[in-house]
Number of protein chains: 2
Amino acid sequence: MHGCGKTPNNVTIDDAFWNSFRETLVREGIPYQWDALNDRLPADTEPSYCMRNFRIAAGRETGKHGGYVFQDSDVYKWLEGVAYSLRWHPDPALETVADEAIADIAAAQQPDGYLDTYYIINGLERRWTNLKDHHELYVAGHMIEAAVAYYTVTGKRQLLDVALRFVDHIDSVIGPEEGKLHGYPGHPVIEMALMRLYEITGDPKHLRLAEYFVNERGQAPLFFEEEDRRTGNAFHWKDSPFRYQYYQAGKPIREQKDAEGHAVRAMYLFSGVADVARETGDESLKQACRDLWKSTTKRRMYITGAVGSTEYGEAFSFDYDMPNDTVYGETCASIGLVFFARRMLMLEAKSEYADVMERALYNGIISGMQLNGRKFFYVNPLEVVPEACRMDPHKQHVKAERQKWFGCACCPPNLIRMLTSLEDYIATETENTTYVHLFVGGRIVSGGLSLDVTTRYPWDGNIHFDVHADRPVSRTIAIRVPNWCHAFTVRVNDTLVSETPRDGYIHLVRIWGDGDSIDFEMEMPIRLMRANPRIRKDAGLVTLCRGPLVYCLEEADNGSDLHLLRSLSLANARIQWEPQTLGGVVTLTTEARRESKSGWDELYDDRPEPAATPVELRWIPYYAWANRGLGEMRVWIRK
Amino acid sequence: MHGCGKTPNNVTIDDAFWNSFRETLVREGIPYQWDALNDRLPADTEPSYCMRNFRIAAGRETGKHGGYVFQDSDVYKWLEGVAYSLRWHPDPALETVADEAIADIAAAQQPDGYLDTYYIINGLERRWTNLKDHHELYVAGHMIEAAVAYYTVTGKRQLLDVALRFVDHIDSVIGPEEGKLHGYPGHPVIEMALMRLYEITGDPKHLRLAEYFVNERGQAPLFFEEEDRRTGNAFHWKDSPFRYQYYQAGKPIREQKDAEGHAVRAMYLFSGVADVARETGDESLKQACRDLWKSTTKRRMYITGAVGSTEYGEAFSFDYDMPNDTVYGETCASIGLVFFARRMLMLEAKSEYADVMERALYNGIISGMQLNGRKFFYVNPLEVVPEACRMDPHKQHVKAERQKWFGCACCPPNLIRMLTSLEDYIATETENTTYVHLFVGGRIVSGGLSLDVTTRYPWDGNIHFDVHADRPVSRTIAIRVPNWCHAFTVRVNDTLVSETPRDGYIHLVRIWGDGDSIDFEMEMPIRLMRANPRIRKDAGLVTLCRGPLVYCLEEADNGSDLHLLRSLSLANARIQWEPQTLGGVVTLTTEARRESKSGWDELYDDRPEPAATPVELRWIPYYAWANRGLGEMRVWIRK
């Protein structure tokens, strides 16, 4: 099995579905989040302190450090997103703002390269004494990601140089050599960041450090245990079922068979591991990635691409444990799942990786953002009753409405960097093949060809490619057949082509010339979905999908007490494009029945089944829920 | 509406069903718990420290106070249970042990009457500074209950005198008068205890103090707030949805319309309120009791009689919120519900109170005890998957097996005092009427009649009464028709009597003579039960009841993956007496289907409904679950 190569350098997006999300982010999300990072949101919003911390650390302002120990990462993620946005939406004013932010950041860097405002403000003598919980390496990772992105897009080196100096400092403090800390981050991300840095520097030090972090974690004697002994740091997860696996450090990565512990940390680590495996060709690491992929996506993932079944530790729980109403399903974890999927795809050209990428992107990730770009979900539930969120403390992590900001604001800037870099997830290329993984309108320039993609996806399944080429090019164009697609046709220059998918891709091998066209047309019926019978909480339940989209029912369309709905039928189902609804969505209308509550005074009785009257259900795409006021929502209902 | 009077003085039990529980408690439970209270259980058991604390407080031993601030209450509840057991199972050796325990307790009493080992050992200067959380009045309440019981049964006054001195001390410290604390207990129980004390002393001080505790709670300015301000005590429930309602102190009792906060505290308080309402005839208090009864039993109670839907605060949550797998359902709360029900019955002779009493007794209370009397449930779930209890921290309060003892061991001795005093729940009498509420074999002596009751209840519905009387007696015998019973016959001296129940009782009015007999025969078919459609977590689910018993499915009989069972049918159902099973139970066998797991590799798919093969299900009474090793259990399955 070979990988599907690298991202083409030149992919642009012009897509009815994604343009609106991305333009909203550029127009609303990026300025709004910049205001948040500078504490300029209304007073009832949780403060960020982020930029202020940098100015205090640089001696330009006085005050205390505010927010979490990892607060710096918010601006790095924001900068990374800004960088990506500048690729497709040049904005000199925004670039100036970013340059000034970078200047503030650079001014805070210490002479030895260290840069974490928490310790600069609170006392450098305590730095590197809590790799387990104090996130200095996590912050460094996000700085590197931002630096690489900003340098790649703008050519400006200031943040890259800051990052390189910080990495040199880290390399002087941590590593296998005598006298260094034999440690690794409690919250992974630096692994994949270093691999991106290595891509542009080619400096073997960067690869070596990433490898070290991947290989050293979980080795006995456990660094975190020794660190706690040495420093007296607390171990919060002593009595949890996952213990050091919260940190992805309970065992060496090659011995880990399940996605365990904190879901975002798991996804970020697995992504970094896949990067190292790809670069080094290490077969045992590749196998570890495959095992962890399988555990994550075949036994521990929601239909929306959400991962992390429990609020306790924001963590994975156990196989097939998929509660819909107490789920964590952090937006960041689904974003991490896309990172992981993309890297698995680069290891092995199998469509299952792109299928999961698509599932998370079109459902559990964009559900994290209000359609107006100004409010966010941290937790993405599949079943919500507002009263339960208010009255049941074990559901207080589940919000029935998106929030303006969070004290721990990891998700909003993560959404920015994910969606502004969507170009990087659409296609990959090897020497002979251009792979199309996602169906997004725009242009893919790859291997001497330029593919102009036109589509109304995900609202219909017709993907049209216009081929442009200066001269004839012999090349394979491999187009993913999504796992949801049971019937499709392919036409090249209007002539039907009979192609059987291989590893989930149809391979169109020919000499392509200017003016050629491909029409990949997928039937996109409503699909009545069931869950694997091992999933207890979905037993007897069904939901609807169409194309890559998971649908849900909202109180706004269907009244309250959604649990009374049952007997879903597709017999007279309608699929309807509604341009005025929720920014333009395809809604589904189906027949079902609603059970009556009337006549019940007792709590329990042996009376016959309650009467149920026919009702029409109106389904909306899951990602668009909670945009019309407070109300109930359900993905799964009784069959 | 009139009450149904008082408990007859002379009720004895000789009943196939209850004898075994009660004899197990006398043979195993009481000695086992005495060992526990003296820390003589195996080393892997949670220690009690209880009796040791008294010896230390009395200066007979040295050491620190062990266990909770309310640890003393465990021995009081045990002593209360011992007292009741001596009524029907005289045991001079046990009585000597109890006398010695009482002597140890008395030796610890302070010259001013105070008696709480926590403060005696840790410093009396801090006593009465935390009525909110430090349970001195709760401990006093259980002492009074034990003292009244022990005095009533044995005629011995030592513990009663200790209690009277403690009450005098309390009366000198707390009350409406200037200079006293205008407080009340954070954990109710002393209200009903004082009313029992008043019954035997007739001392108006005892009634007045109970009334004060009932009327003062929740009045503004809130005593607990002022206490916290004065002492700096912490308020743990500041951010909870129930806040001071955790303590039943968020509002005056007459303004409270819902069962809220800590479930045991709620049940104990409501019981005390009903006692005060009955004694004083206060209509507004009676109405408060009716409202709270309705909230508890019509909107917030499980089919097993469990109450307390959430582990957070061991509390009620909101209407119709009845999760089966994360329920709290503390054994003590169901016992408290029986206390409350009995007192409502004494306010108003309506069978709904006795129905709930029966529901809790036959299901959610005795489920708290291993059949061998040596292990206990604190939490009584309606759905258990052992892996979930182990792996999901939000289910760690749910144990799949009964435990040997608890650090907070309220439930085991509560079970003892409940079951050893079962006599007091069977019947009540007014001047003209003898009410039969529960169907328990034995003898009811009331109003010049002696009713010998013979029955195999709950295994069948035939209740036979032999009437003995020295001379003819004109009297009404009122027999409860349970809410589960849809068809019955009554014969007096073998002649059919046509009686329509009034308020849930058939009233047999005649001049009874020696040798008369009554045959009350209830049909007892299997009933297919549904929950009120407002209960989200039971939507589409059914279970079985027969007579007063709720049934459940265990892995031991039906394999694992009980969630795969559906399509329950009563078509060929069998009812079978199995004397060798679980101490002798009637099992139910029904047809159903089991869905196949096979063929599923994906988590979600649009394939057809899984195949389901016919299976026979074997149901056991809920109370007997978890007596055959670790495994899954479910009460509700898909219809």
# chains A, B, ... in the order shown; residues from 1 in each chain; ligands from 1

call {"tool": "closest_atom_pairs", "arguments": {"of": "chain A", "to": "chain B", "cutoff": "8 Å", "atoms": "only C-alpha atoms", "output": "Markdown table"}}
result
| residue | atom | partner | partner_atom | distance |
| --- | --- | --- | --- | --- |
| A:Ser240 | CA | B:Pro393 | CA | 7.1 |
| A:Pro241 | CA | B:Met391 | CA | 5.8 |
| A:Thr297 | CA | B:Leu603 | CA | 7.8 |
| A:Lys298 | CA | B:Leu603 | CA | 5.7 |
| A:Arg299 | CA | B:Leu603 | CA | 6.6 |
| A:Met301 | CA | B:Leu603 | CA | 7.6 |
| A:Ile303 | CA | B:Tyr604 | CA | 6.5 |
| A:Thr310 | CA | B:Asp392 | CA | 7.6 |
| A:Tyr312 | CA | B:Pro393 | CA | 6.6 |
| A:Ser317 | CA | B:Met391 | CA | 6.4 |
| A:Phe318 | CA | B:Met391 | CA | 6.8 |
| A:Ala388 | CA | B:Phe318 | CA | 8.0 |
| A:Arg390 | CA | B:Pro241 | CA | 7.3 |
| A:Met391 | CA | B:Pro241 | CA | 5.7 |
| A:Asp392 | CA | B:Ser317 | CA | 6.4 |
| A:Pro393 | CA | B:Tyr312 | CA | 6.6 |
| A:His394 | CA | B:Tyr312 | CA | 7.4 |
| A:Arg527 | CA | B:Asp606 | CA | 5.9 |
| A:Leu528 | CA | B:Asp606 | CA | 5.4 |
| A:Met529 | CA | B:Asp606 | CA | 4.3 |
| A:Arg530 | CA | B:Asp605 | CA | 5.6 |
| A:Ala531 | CA | B:Tyr604 | CA | 4.5 |
| A:Asn532 | CA | B:Leu603 | CA | 4.8 |
| A:Pro533 | CA | B:Lys597 | CA | 5.4 |
| A:Arg534 | CA | B:Lys597 | CA | 6.6 |
| A:Arg536 | CA | B:His563 | CA | 6.0 |
| A:Ala539 | CA | B:His563 | CA | 6.7 |
| A:Gly540 | CA | B:Arg638 | CA | 7.4 |
| A:Asp561 | CA | B:Arg534 | CA | 7.7 |
| A:His563 | CA | B:Arg536 | CA | 6.0 |
| A:Leu564 | CA | B:Ala539 | CA | 7.0 |
| A:Glu595 | CA | B:Pro533 | CA | 7.6 |
| A:Ser596 | CA | B:Pro533 | CA | 7.4 |
| A:Lys597 | CA | B:Pro533 | CA | 5.4 |
| A:Trp600 | CA | B:Asn532 | CA | 6.0 |
| A:Asp601 | CA | B:Lys298 | CA | 7.1 |
| A:Glu602 | CA | B:Lys298 | CA | 5.9 |
| A:Leu603 | CA | B:Asn532 | CA | 4.9 |
| A:Tyr604 | CA | B:Ala531 | CA | 4.5 |
| A:Asp605 | CA | B:Met529 | CA | 5.4 |
| A:Asp606 | CA | B:Met529 | CA | 4.3 |
| A:Arg607 | CA | B:Arg530 | CA | 7.3 |
| A:Glu609 | CA | B:Arg530 | CA | 7.6 |
| A:Pro610 | CA | B:Pro533 | CA | 7.9 |
| A:Arg638 | CA | B:Gly540 | CA | 7.4 |

call {"tool": "residues_around", "arguments": {"residues": "range 261-275 of chain A", "least_positions_apart": "2", "cutoff": "7 Å", "atoms": "only C-alpha atoms", "output": "mmCIF file with C-alpha atoms, in the first residue's frame"}}
result
data_model
loop_
_atom_site.group_PDB
_atom_site.id
_atom_site.type_symbol
_atom_site.label_atom_id
_atom_site.label_comp_id
_atom_site.auth_asym_id
_atom_site.auth_seq_id
_atom_site.Cartn_x
_atom_site.Cartn_y
_atom_site.Cartn_z
ATOM 1 C CA HIS A 187 -0.378 17.853 25.498
ATOM 2 C CA PRO A 188 0.918 16.754 22.109
ATOM 3 C CA VAL A 189 0.965 19.012 19.058
ATOM 4 C CA GLU A 191 5.292 16.485 17.095
ATOM 5 C CA MET A 192 3.343 17.404 13.974
ATOM 6 C CA MET A 195 7.500 17.730 11.181
ATOM 7 C CA VAL A 214 7.034 10.127 19.754
ATOM 8 C CA PHE A 242 -7.162 6.139 32.071
ATOM 9 C CA GLN A 245 -3.247 7.644 29.206
ATOM 10 C CA TYR A 246 -5.006 10.957 29.758
ATOM 11 C CA TYR A 247 -1.686 12.389 28.556
ATOM 12 C CA GLN A 248 -1.205 9.612 25.992
ATOM 13 C CA ALA A 259 -7.782 5.573 21.453
ATOM 14 C CA ALA A 277 6.010 7.186 10.387
ATOM 15 C CA ARG A 278 5.659 8.610 6.879
ATOM 16 C CA GLU A 279 8.954 10.444 6.988
ATOM 17 C CA LYS A 286 2.754 2.756 10.721
ATOM 18 C CA CYS A 289 -1.196 4.314 13.441
ATOM 19 C CA VAL A 307 -14.862 11.826 19.279
ATOM 20 C CA GLY A 308 -14.529 11.814 23.050
ATOM 21 C CA GLY A 313 -11.128 14.106 31.119
ATOM 22 C CA GLU A 314 -12.660 15.252 27.807
ATOM 23 C CA ALA A 315 -11.861 11.717 26.912
ATOM 24 C CA PHE A 316 -12.452 8.537 25.037
ATOM 25 C CA CYS A 332 -10.995 20.521 18.460
ATOM 26 C CA ALA A 333 -11.084 16.739 18.706
ATOM 27 C CA GLY A 336 -7.666 16.623 15.264
ATOM 28 C CA LEU A 337 -9.390 13.652 13.692
ATOM 29 C CA PHE A 339 -5.449 16.013 10.906
ATOM 30 C CA PHE A 340 -5.020 12.341 11.683
ATOM 31 C CA ARG A 343 -1.903 11.953 7.519
ATOM 32 C CA MET A 344 -3.194 8.396 7.273
#

call {"tool": "residues_around", "arguments": {"residues": "range 365-382 of chain B", "least_positions_apart": "3", "cutoff": "6 Å", "atoms": "only C-alpha atoms", "output": "PyMOL selection string"}}
result
chain B and resi 24-25+28-29+324-325+327-331+334+360-361+398+402-404+623+634-635

call {"tool": "atom_distance", "arguments": {"atom1": "CA of Leu181 in chain A", "atom2": "CA of Trp128 in chain A"}}
result
8.6 Å

call {"tool": "atom_distance", "arguments": {"atom1": "CA of Met143 in chain A", "atom2": "CA of Asp282 in chain A"}}
result
27.3 Å

call {"tool": "residues_around", "arguments": {"residues": "range 81-90 of chain A", "least_positions_apart": "4", "cutoff": "7 Å", "atoms": "only C-alpha atoms", "output": "list in words"}}
result
Lys77, Ala149, Tyr150, Val153, Ile416, Arg417, Thr420 and Ser421 of chain A

call {"tool": "residues_around", "arguments": {"residues": "Gly63 in chain A", "least_positions_apart": "6", "cutoff": "10 Å", "atoms": "only C-alpha atoms", "output": "NGL selection string"}}
result
:A and (52-53 or 55-57 or 121)

call {"tool": "write_last_selection", "arguments": {"atoms": "C-alpha atoms", "output": "short mmCIF file (atom, residue, chain, number, x, y, z; two decimals), in the first residue's frame"}}
result
data_model
loop_
_atom_site.label_atom_id
_atom_site.label_comp_id
_atom_site.auth_asym_id
_atom_site.auth_seq_id
_atom_site.Cartn_x
_atom_site.Cartn_y
_atom_site.Cartn_z
CA ARG A 52 -1.90 41.49 27.08
CA ASN A 53 0.20 38.65 28.45
CA ARG A 55 2.98 42.83 26.21
CA ILE A 56 3.51 42.25 29.94
CA ALA A 57 6.10 39.57 29.21
CA ILE A 121 5.66 36.74 33.95
#

call {"tool": "select_by_dssp", "arguments": {"residues": "range 44-292 of chain B", "states": "helix (DSSP H, G or I)", "output": "PyMOL selection string"}}
result
chain B and resi 50-57+72-88+92-108+117-122+124-126+136-154+158-173+190-201+204-216+223-231+243-247+253-255+263-280+283-292

call {"tool": "residues_around", "arguments": {"residues": "Asp494 in chain A", "least_positions_apart": "3", "cutoff": "12 Å", "atoms": "only C-alpha atoms", "output": "PDB file with N, CA and C atoms, in the first residue's frame"}}
result
ATOM      1  N   HIS A 464     -18.241  18.131 -11.577  1.00  0.00           N
ATOM      2  CA  HIS A 464     -17.770  18.342 -12.944  1.00  0.00           C
ATOM      3  C   HIS A 464     -16.339  18.875 -12.913  1.00  0.00           C
ATOM      4  N   PHE A 465     -15.480  18.219 -13.689  1.00  0.00           N
ATOM      5  CA  PHE A 465     -14.080  18.665 -13.778  1.00  0.00           C
ATOM      6  C   PHE A 465     -13.807  19.125 -15.210  1.00  0.00           C
ATOM      7  N   ASP A 466     -13.322  20.343 -15.354  1.00  0.00           N
ATOM      8  CA  ASP A 466     -12.788  20.789 -16.647  1.00  0.00           C
ATOM      9  C   ASP A 466     -11.274  20.715 -16.561  1.00  0.00           C
ATOM     10  N   THR A 489     -21.955   7.367 -11.709  1.00  0.00           N
ATOM     11  CA  THR A 489     -21.472   7.197 -13.081  1.00  0.00           C
ATOM     12  C   THR A 489     -20.277   8.130 -13.267  1.00  0.00           C
ATOM     13  N   VAL A 490     -19.409   7.728 -14.176  1.00  0.00           N
ATOM     14  CA  VAL A 490     -18.278   8.587 -14.550  1.00  0.00           C
ATOM     15  C   VAL A 490     -18.312   8.758 -16.059  1.00  0.00           C
ATOM     16  N   ARG A 491     -18.228   9.969 -16.472  1.00  0.00           N
ATOM     17  CA  ARG A 491     -18.125  10.251 -17.907  1.00  0.00           C
ATOM     18  C   ARG A 491     -16.841  11.030 -18.137  1.00  0.00           C
ATOM     19  N   VAL A 497     -17.678   5.835 -18.638  1.00  0.00           N
ATOM     20  CA  VAL A 497     -16.488   5.044 -18.360  1.00  0.00           C
ATOM     21  C   VAL A 497     -16.876   4.040 -17.290  1.00  0.00           C
ATOM     22  N   GLY A 515      -9.298  20.937 -22.383  1.00  0.00           N
ATOM     23  CA  GLY A 515     -10.690  20.818 -22.827  1.00  0.00           C
ATOM     24  C   GLY A 515     -11.342  19.505 -22.476  1.00  0.00           C
ATOM     25  N   ASP A 516     -10.539  18.562 -21.950  1.00  0.00           N
ATOM     26  CA  ASP A 516     -11.171  17.317 -21.479  1.00  0.00           C
ATOM     27  C   ASP A 516     -12.079  17.633 -20.296  1.00  0.00           C
ATOM     28  N   SER A 517     -13.018  16.751 -20.095  1.00  0.00           N
ATOM     29  CA  SER A 517     -13.890  16.949 -18.928  1.00  0.00           C
ATOM     30  C   SER A 517     -14.207  15.617 -18.274  1.00  0.00           C
ATOM     31  N   ILE A 518     -14.474  15.694 -16.984  1.00  0.00           N
ATOM     32  CA  ILE A 518     -14.915  14.515 -16.233  1.00  0.00           C
ATOM     33  C   ILE A 518     -16.228  14.889 -15.549  1.00  0.00           C
ATOM     34  N   ASP A 519     -17.187  14.005 -15.639  1.00  0.00           N
ATOM     35  CA  ASP A 519     -18.405  14.170 -14.844  1.00  0.00           C
ATOM     36  C   ASP A 519     -18.545  12.968 -13.945  1.00  0.00           C
ATOM     37  N   PHE A 520     -18.385  13.237 -12.655  1.00  0.00           N
ATOM     38  CA  PHE A 520     -18.548  12.191 -11.653  1.00  0.00           C
ATOM     39  C   PHE A 520     -19.876  12.481 -10.973  1.00  0.00           C
ATOM     40  N   GLU A 521     -20.829  11.580 -11.203  1.00  0.00           N
ATOM     41  CA  GLU A 521     -22.177  11.859 -10.707  1.00  0.00           C
ATOM     42  C   GLU A 521     -22.621  10.773  -9.744  1.00  0.00           C
TER      43      GLU A 521
END

call {"tool": "residues_around", "arguments": {"residues": "Arg618 in chain B", "least_positions_apart": "5", "cutoff": "12 Å", "atoms": "only C-alpha atoms", "output": "ChimeraX atom specification"}}
result
/B:544,551-559,562,565,568,573-576,578,586-592,633-634

call {"tool": "atom_distance", "arguments": {"atom1": "CA of Pro252 in chain A", "atom2": "CA of Glu199 in chain A"}}
result
25.5 Å

call {"tool": "closest_residue", "arguments": {"among": "B:Thr231, B:Asn414, B:Ser446, B:Gln109", "to": "Lys132 in chain B", "atoms": "only C-alpha atoms"}}
result
B:Thr231
